[in-house]
Amino acid sequence: MSKQSIRFYHDHEVRAVWDEERSKWWFSVLDIVEAITESVNPRKYWSVLKNRLKKSGNELTTRCSQLKLTAADGKKYATDCFSQDDIMEVVKVIPSKKTTEFLEWFTYSDNTIDGRSKKKAYTFIESNLVADKDVGTVKALQQIHAYIFGGLYDFAGKIRTKTISKGNTLFCLAEYLPQNLKTIEQMPETTFDEIVDKYVEMNVAHPFMEGNGRSTRIWLDLIFKKRLGMCVDWSKIDKNEYLGAMVESQMDSSKIRMLLKQALTDRIDDREIFMKGIDYSYYYEQE
């Protein structure tokens, strides 16, 4: 059960692990207890609730499995987990005003565009889609975008022809975008600073109508992997710090350089690092 995932419910991590043999996800009940009750001691809360369920003859506790999940200290510990179907039953017996909202999020998250594209993103590393010679090119970025959003957006993999903005940020005007992308593609990428410069410029260009951040972060990791033998452990970069640094990077890229450098790891072939990166990448995009 090495395939692990992190989903985010109102900034709370909900860890999960994939059971290949039975083809199902198992979720940490402690994470869910903390998310919907905001208990300062979710472990104790769950222990009391579990004993109460046992005494009442509720058979839910017999369907609980202890599986190893990665904790905040990077180590794996045996954790009480329930399958996706059973989690819905567990949540219903937890007294909380957030129960209904959580179940709506939990039940439908995989049916949204984000949920479906995230599943595809998990498998990107195994696709071998981007040839080594293409890493760092616009073509590679288009391939990544098309893979993740294919069948979900009719513009998947296509360079936008309309000018877009987000908040107070206006991205590259559509009429200048083709030439701008050629210039970015030709930028050097032999050092850490050069790679970050290229990443920042691609973010300013924002070549797609939607899905730029998620695609470009994978693109950045491919460049780091090829040129430096490194990748980013995105779980080490706080969401708000990252978003703020990316806005600042249009004028001053020092903050994003610092955040990326501190999060670099040589675990480039570690599937868990990649999947965790996808989890956090999608989390950055949540409003």
# chains A, B, ... in the order shown; residues from 1 in each chain; ligands from 1
>>> select_by_dssp(residues="stretch 36-251 of chain A", states="strand (DSSP E)", output="PyMOL selection string")
chain A and resi 65-70+76-83+165-166+169-170+231-232
>>> residues_around(residues="A:Ile36", least_positions_apart="6", cutoff="7 Å", atoms="only C-alpha atoms", output="list in words")
Ser96, Lys98 and Thr99 of chain A
>>> write_last_selection(atoms="C-alpha atoms", output="mmCIF file, in the first residue's frame")
data_model
loop_
_atom_site.group_PDB
_atom_site.id
_atom_site.type_symbol
_atom_site.label_atom_id
_atom_site.label_comp_id
_atom_site.auth_asym_id
_atom_site.auth_seq_id
_atom_site.Cartn_x
_atom_site.Cartn_y
_atom_site.Cartn_z
ATOM 1 C CA SER A 96 -20.778 17.824 14.147
ATOM 2 C CA LYS A 98 -20.038 20.016 9.431
ATOM 3 C CA THR A 99 -21.191 16.429 8.793
#
>>> closest_residue(among="A:Leu103, A:Ala156, A:Met246, A:Ile268", to="A:Thr169", atoms="only C-alpha atoms")
A:Met246
>>> closest_residue(among="A:Trp234, A:Lys255, A:Ile144, A:Glu194", to="A:Asn212", atoms="only C-alpha atoms")
A:Ile144
>>> closest_residue(among="A:Leu177, A:Val29, A:Leu260, A:Leu129", to="A:Tyr147", atoms="only C-alpha atoms")
A:Leu129
>>> closest_residue(among="A:Lys166, A:Arg63, A:Arg217, A:Lys75", to="A:Tyr242", atoms="only C-alpha atoms")
A:Arg217
>>> residues_around(residues="stretch 158-160 of chain A", least_positions_apart="3", cutoff="10 Å", atoms="only C-alpha atoms", output="list in words")
Val138, Gln142, Gln143, His145, Ala146, Tyr153, Asp154, Phe155, Thr163, Ile164, Leu173, Ala174, Glu175, Leu177, Pro178, Leu181, His206, Pro207, Phe208, Met209 and Glu210 of chain A
>>> closest_residue(among="A:Leu67, A:Met258, A:Leu152, A:Val91", to="A:Asp114", atoms="only C-alpha atoms")
A:Leu152
>>> closest_residue(among="A:Val14, A:Val40, A:Ala245, A:Ile125", to="A:Glu272", atoms="only C-alpha atoms")
A:Ile125
>>> select_by_dssp(residues="stretch 68-113 of chain A", states="helix (DSSP H, G or I)", output="ChimeraX atom specification")
/A:84-92,99-111,113
>>> write_last_selection(atoms="C-alpha atoms", output="tab-separated table (two decimals), in the first residue's frame")
chain	number	residue	atom	x	y	z
A	84	GLN	CA	-14.37	4.97	1.29
A	85	ASP	CA	-17.82	3.39	1.78
A	86	ASP	CA	-17.37	2.94	5.52
A	87	ILE	CA	-16.06	6.48	6.04
A	88	MET	CA	-19.48	7.82	5.11
A	89	GLU	CA	-21.03	5.70	7.87
A	90	VAL	CA	-18.39	6.77	10.38
A	91	VAL	CA	-18.92	10.47	9.66
A	92	LYS	CA	-22.65	10.11	10.31
A	99	THR	CA	-21.19	16.43	8.79
A	100	THR	CA	-23.45	17.20	5.82
A	101	GLU	CA	-20.96	19.59	4.22
A	102	PHE	CA	-18.12	17.10	4.66
A	103	LEU	CA	-20.12	14.25	3.10
A	104	GLU	CA	-20.98	16.42	0.09
A	105	TRP	CA	-17.29	17.26	-0.35
A	106	PHE	CA	-16.18	13.68	0.20
A	107	THR	CA	-18.80	12.09	-2.06
A	108	TYR	CA	-18.54	14.40	-5.03
A	109	SER	CA	-14.92	15.52	-5.05
A	110	ASP	CA	-13.91	12.73	-7.45
A	111	ASN	CA	-16.65	13.71	-9.90
A	113	ILE	CA	-13.08	18.42	-13.04
>>> atom_distance(atom1="atom CA of A:Val17", atom2="atom CA of A:Gly151")
26.4 Å
>>> residues_around(residues="stretch 22-26 of chain A", least_positions_apart="2", cutoff="6 Å", atoms="only C-alpha atoms", output="PyMOL selection string")
chain A and resi 16-20+81-84
>>> write_last_selection(atoms="all heavy atoms", output="PDB file, in the first residue's frame")
ATOM      1  N   ALA A  16      -4.916   9.405   2.722  1.00  0.00           N
ATOM      2  CA  ALA A  16      -5.518   8.171   2.224  1.00  0.00           C
ATOM      3  C   ALA A  16      -4.429   7.271   1.656  1.00  0.00           C
ATOM      4  O   ALA A  16      -3.352   7.736   1.262  1.00  0.00           O
ATOM      5  CB  ALA A  16      -6.548   8.480   1.145  1.00  0.00           C
ATOM      6  N   VAL A  17      -4.695   5.975   1.621  1.00  0.00           N
ATOM      7  CA  VAL A  17      -3.761   5.015   1.053  1.00  0.00           C
ATOM      8  C   VAL A  17      -4.541   4.057   0.165  1.00  0.00           C
ATOM      9  O   VAL A  17      -5.674   3.673   0.479  1.00  0.00           O
ATOM     10  CB  VAL A  17      -2.997   4.251   2.175  1.00  0.00           C
ATOM     11  CG1 VAL A  17      -3.958   3.474   3.054  1.00  0.00           C
ATOM     12  CG2 VAL A  17      -1.929   3.340   1.590  1.00  0.00           C
ATOM     13  N   TRP A  18      -3.952   3.701  -0.976  1.00  0.00           N
ATOM     14  CA  TRP A  18      -4.623   2.870  -1.982  1.00  0.00           C
ATOM     15  C   TRP A  18      -4.362   1.391  -1.726  1.00  0.00           C
ATOM     16  O   TRP A  18      -3.217   0.975  -1.532  1.00  0.00           O
ATOM     17  CB  TRP A  18      -4.148   3.248  -3.370  1.00  0.00           C
ATOM     18  CG  TRP A  18      -4.710   2.417  -4.487  1.00  0.00           C
ATOM     19  CD1 TRP A  18      -4.064   1.477  -5.231  1.00  0.00           C
ATOM     20  CD2 TRP A  18      -6.055   2.470  -4.992  1.00  0.00           C
ATOM     21  NE1 TRP A  18      -4.911   0.931  -6.161  1.00  0.00           N
ATOM     22  CE2 TRP A  18      -6.143   1.528  -6.030  1.00  0.00           C
ATOM     23  CE3 TRP A  18      -7.187   3.210  -4.648  1.00  0.00           C
ATOM     24  CZ2 TRP A  18      -7.315   1.317  -6.754  1.00  0.00           C
ATOM     25  CZ3 TRP A  18      -8.351   2.997  -5.362  1.00  0.00           C
ATOM     26  CH2 TRP A  18      -8.414   2.067  -6.406  1.00  0.00           C
ATOM     27  N   ASP A  19      -5.430   0.614  -1.707  1.00  0.00           N
ATOM     28  CA  ASP A  19      -5.352  -0.846  -1.538  1.00  0.00           C
ATOM     29  C   ASP A  19      -5.443  -1.478  -2.918  1.00  0.00           C
ATOM     30  O   ASP A  19      -6.524  -1.580  -3.501  1.00  0.00           O
ATOM     31  CB  ASP A  19      -6.508  -1.305  -0.642  1.00  0.00           C
ATOM     32  CG  ASP A  19      -6.458  -2.799  -0.344  1.00  0.00           C
ATOM     33  OD1 ASP A  19      -5.732  -3.526  -1.051  1.00  0.00           O
ATOM     34  OD2 ASP A  19      -7.157  -3.230   0.590  1.00  0.00           O
ATOM     35  N   GLU A  20      -4.280  -1.859  -3.457  1.00  0.00           N
ATOM     36  CA  GLU A  20      -4.220  -2.401  -4.818  1.00  0.00           C
ATOM     37  C   GLU A  20      -5.001  -3.703  -4.940  1.00  0.00           C
ATOM     38  O   GLU A  20      -5.687  -3.946  -5.934  1.00  0.00           O
ATOM     39  CB  GLU A  20      -2.749  -2.645  -5.200  1.00  0.00           C
ATOM     40  CG  GLU A  20      -2.526  -2.837  -6.681  1.00  0.00           C
ATOM     41  CD  GLU A  20      -2.685  -1.541  -7.471  1.00  0.00           C
ATOM     42  OE1 GLU A  20      -2.077  -0.522  -7.092  1.00  0.00           O
ATOM     43  OE2 GLU A  20      -3.447  -1.570  -8.456  1.00  0.00           O
ATOM     44  N   CYS A  81      -7.890   3.346   9.859  1.00  0.00           N
ATOM     45  CA  CYS A  81      -8.407   3.755   8.555  1.00  0.00           C
ATOM     46  C   CYS A  81      -9.696   3.003   8.234  1.00  0.00           C
ATOM     47  O   CYS A  81      -9.887   1.859   8.664  1.00  0.00           O
ATOM     48  CB  CYS A  81      -7.392   3.475   7.453  1.00  0.00           C
ATOM     49  SG  CYS A  81      -5.857   4.419   7.573  1.00  0.00           S
ATOM     50  N   PHE A  82     -10.544   3.648   7.455  1.00  0.00           N
ATOM     51  CA  PHE A  82     -11.764   3.020   6.951  1.00  0.00           C
ATOM     52  C   PHE A  82     -11.798   3.158   5.437  1.00  0.00           C
ATOM     53  O   PHE A  82     -11.260   4.118   4.878  1.00  0.00           O
ATOM     54  CB  PHE A  82     -13.012   3.684   7.540  1.00  0.00           C
ATOM     55  CG  PHE A  82     -13.295   3.326   8.967  1.00  0.00           C
ATOM     56  CD1 PHE A  82     -12.769   4.083  10.003  1.00  0.00           C
ATOM     57  CD2 PHE A  82     -14.095   2.232   9.279  1.00  0.00           C
ATOM     58  CE1 PHE A  82     -13.026   3.767  11.327  1.00  0.00           C
ATOM     59  CE2 PHE A  82     -14.366   1.898  10.604  1.00  0.00           C
ATOM     60  CZ  PHE A  82     -13.829   2.653  11.631  1.00  0.00           C
ATOM     61  N   SER A  83     -12.460   2.226   4.785  1.00  0.00           N
ATOM     62  CA  SER A  83     -12.609   2.310   3.336  1.00  0.00           C
ATOM     63  C   SER A  83     -13.535   3.466   2.994  1.00  0.00           C
ATOM     64  O   SER A  83     -14.235   4.013   3.861  1.00  0.00           O
ATOM     65  CB  SER A  83     -13.192   1.008   2.781  1.00  0.00           C
ATOM     66  OG  SER A  83     -14.542   0.860   3.194  1.00  0.00           O
ATOM     67  N   GLN A  84     -13.573   3.822   1.713  1.00  0.00           N
ATOM     68  CA  GLN A  84     -14.373   4.969   1.290  1.00  0.00           C
ATOM     69  C   GLN A  84     -15.845   4.798   1.658  1.00  0.00           C
ATOM     70  O   GLN A  84     -16.481   5.740   2.139  1.00  0.00           O
ATOM     71  CB  GLN A  84     -14.225   5.160  -0.224  1.00  0.00           C
ATOM     72  CG  GLN A  84     -14.919   6.404  -0.751  1.00  0.00           C
ATOM     73  CD  GLN A  84     -14.354   6.870  -2.066  1.00  0.00           C
ATOM     74  OE1 GLN A  84     -13.283   6.462  -2.470  1.00  0.00           O
ATOM     75  NE2 GLN A  84     -15.078   7.734  -2.739  1.00  0.00           N
TER      76      GLN A  84
END
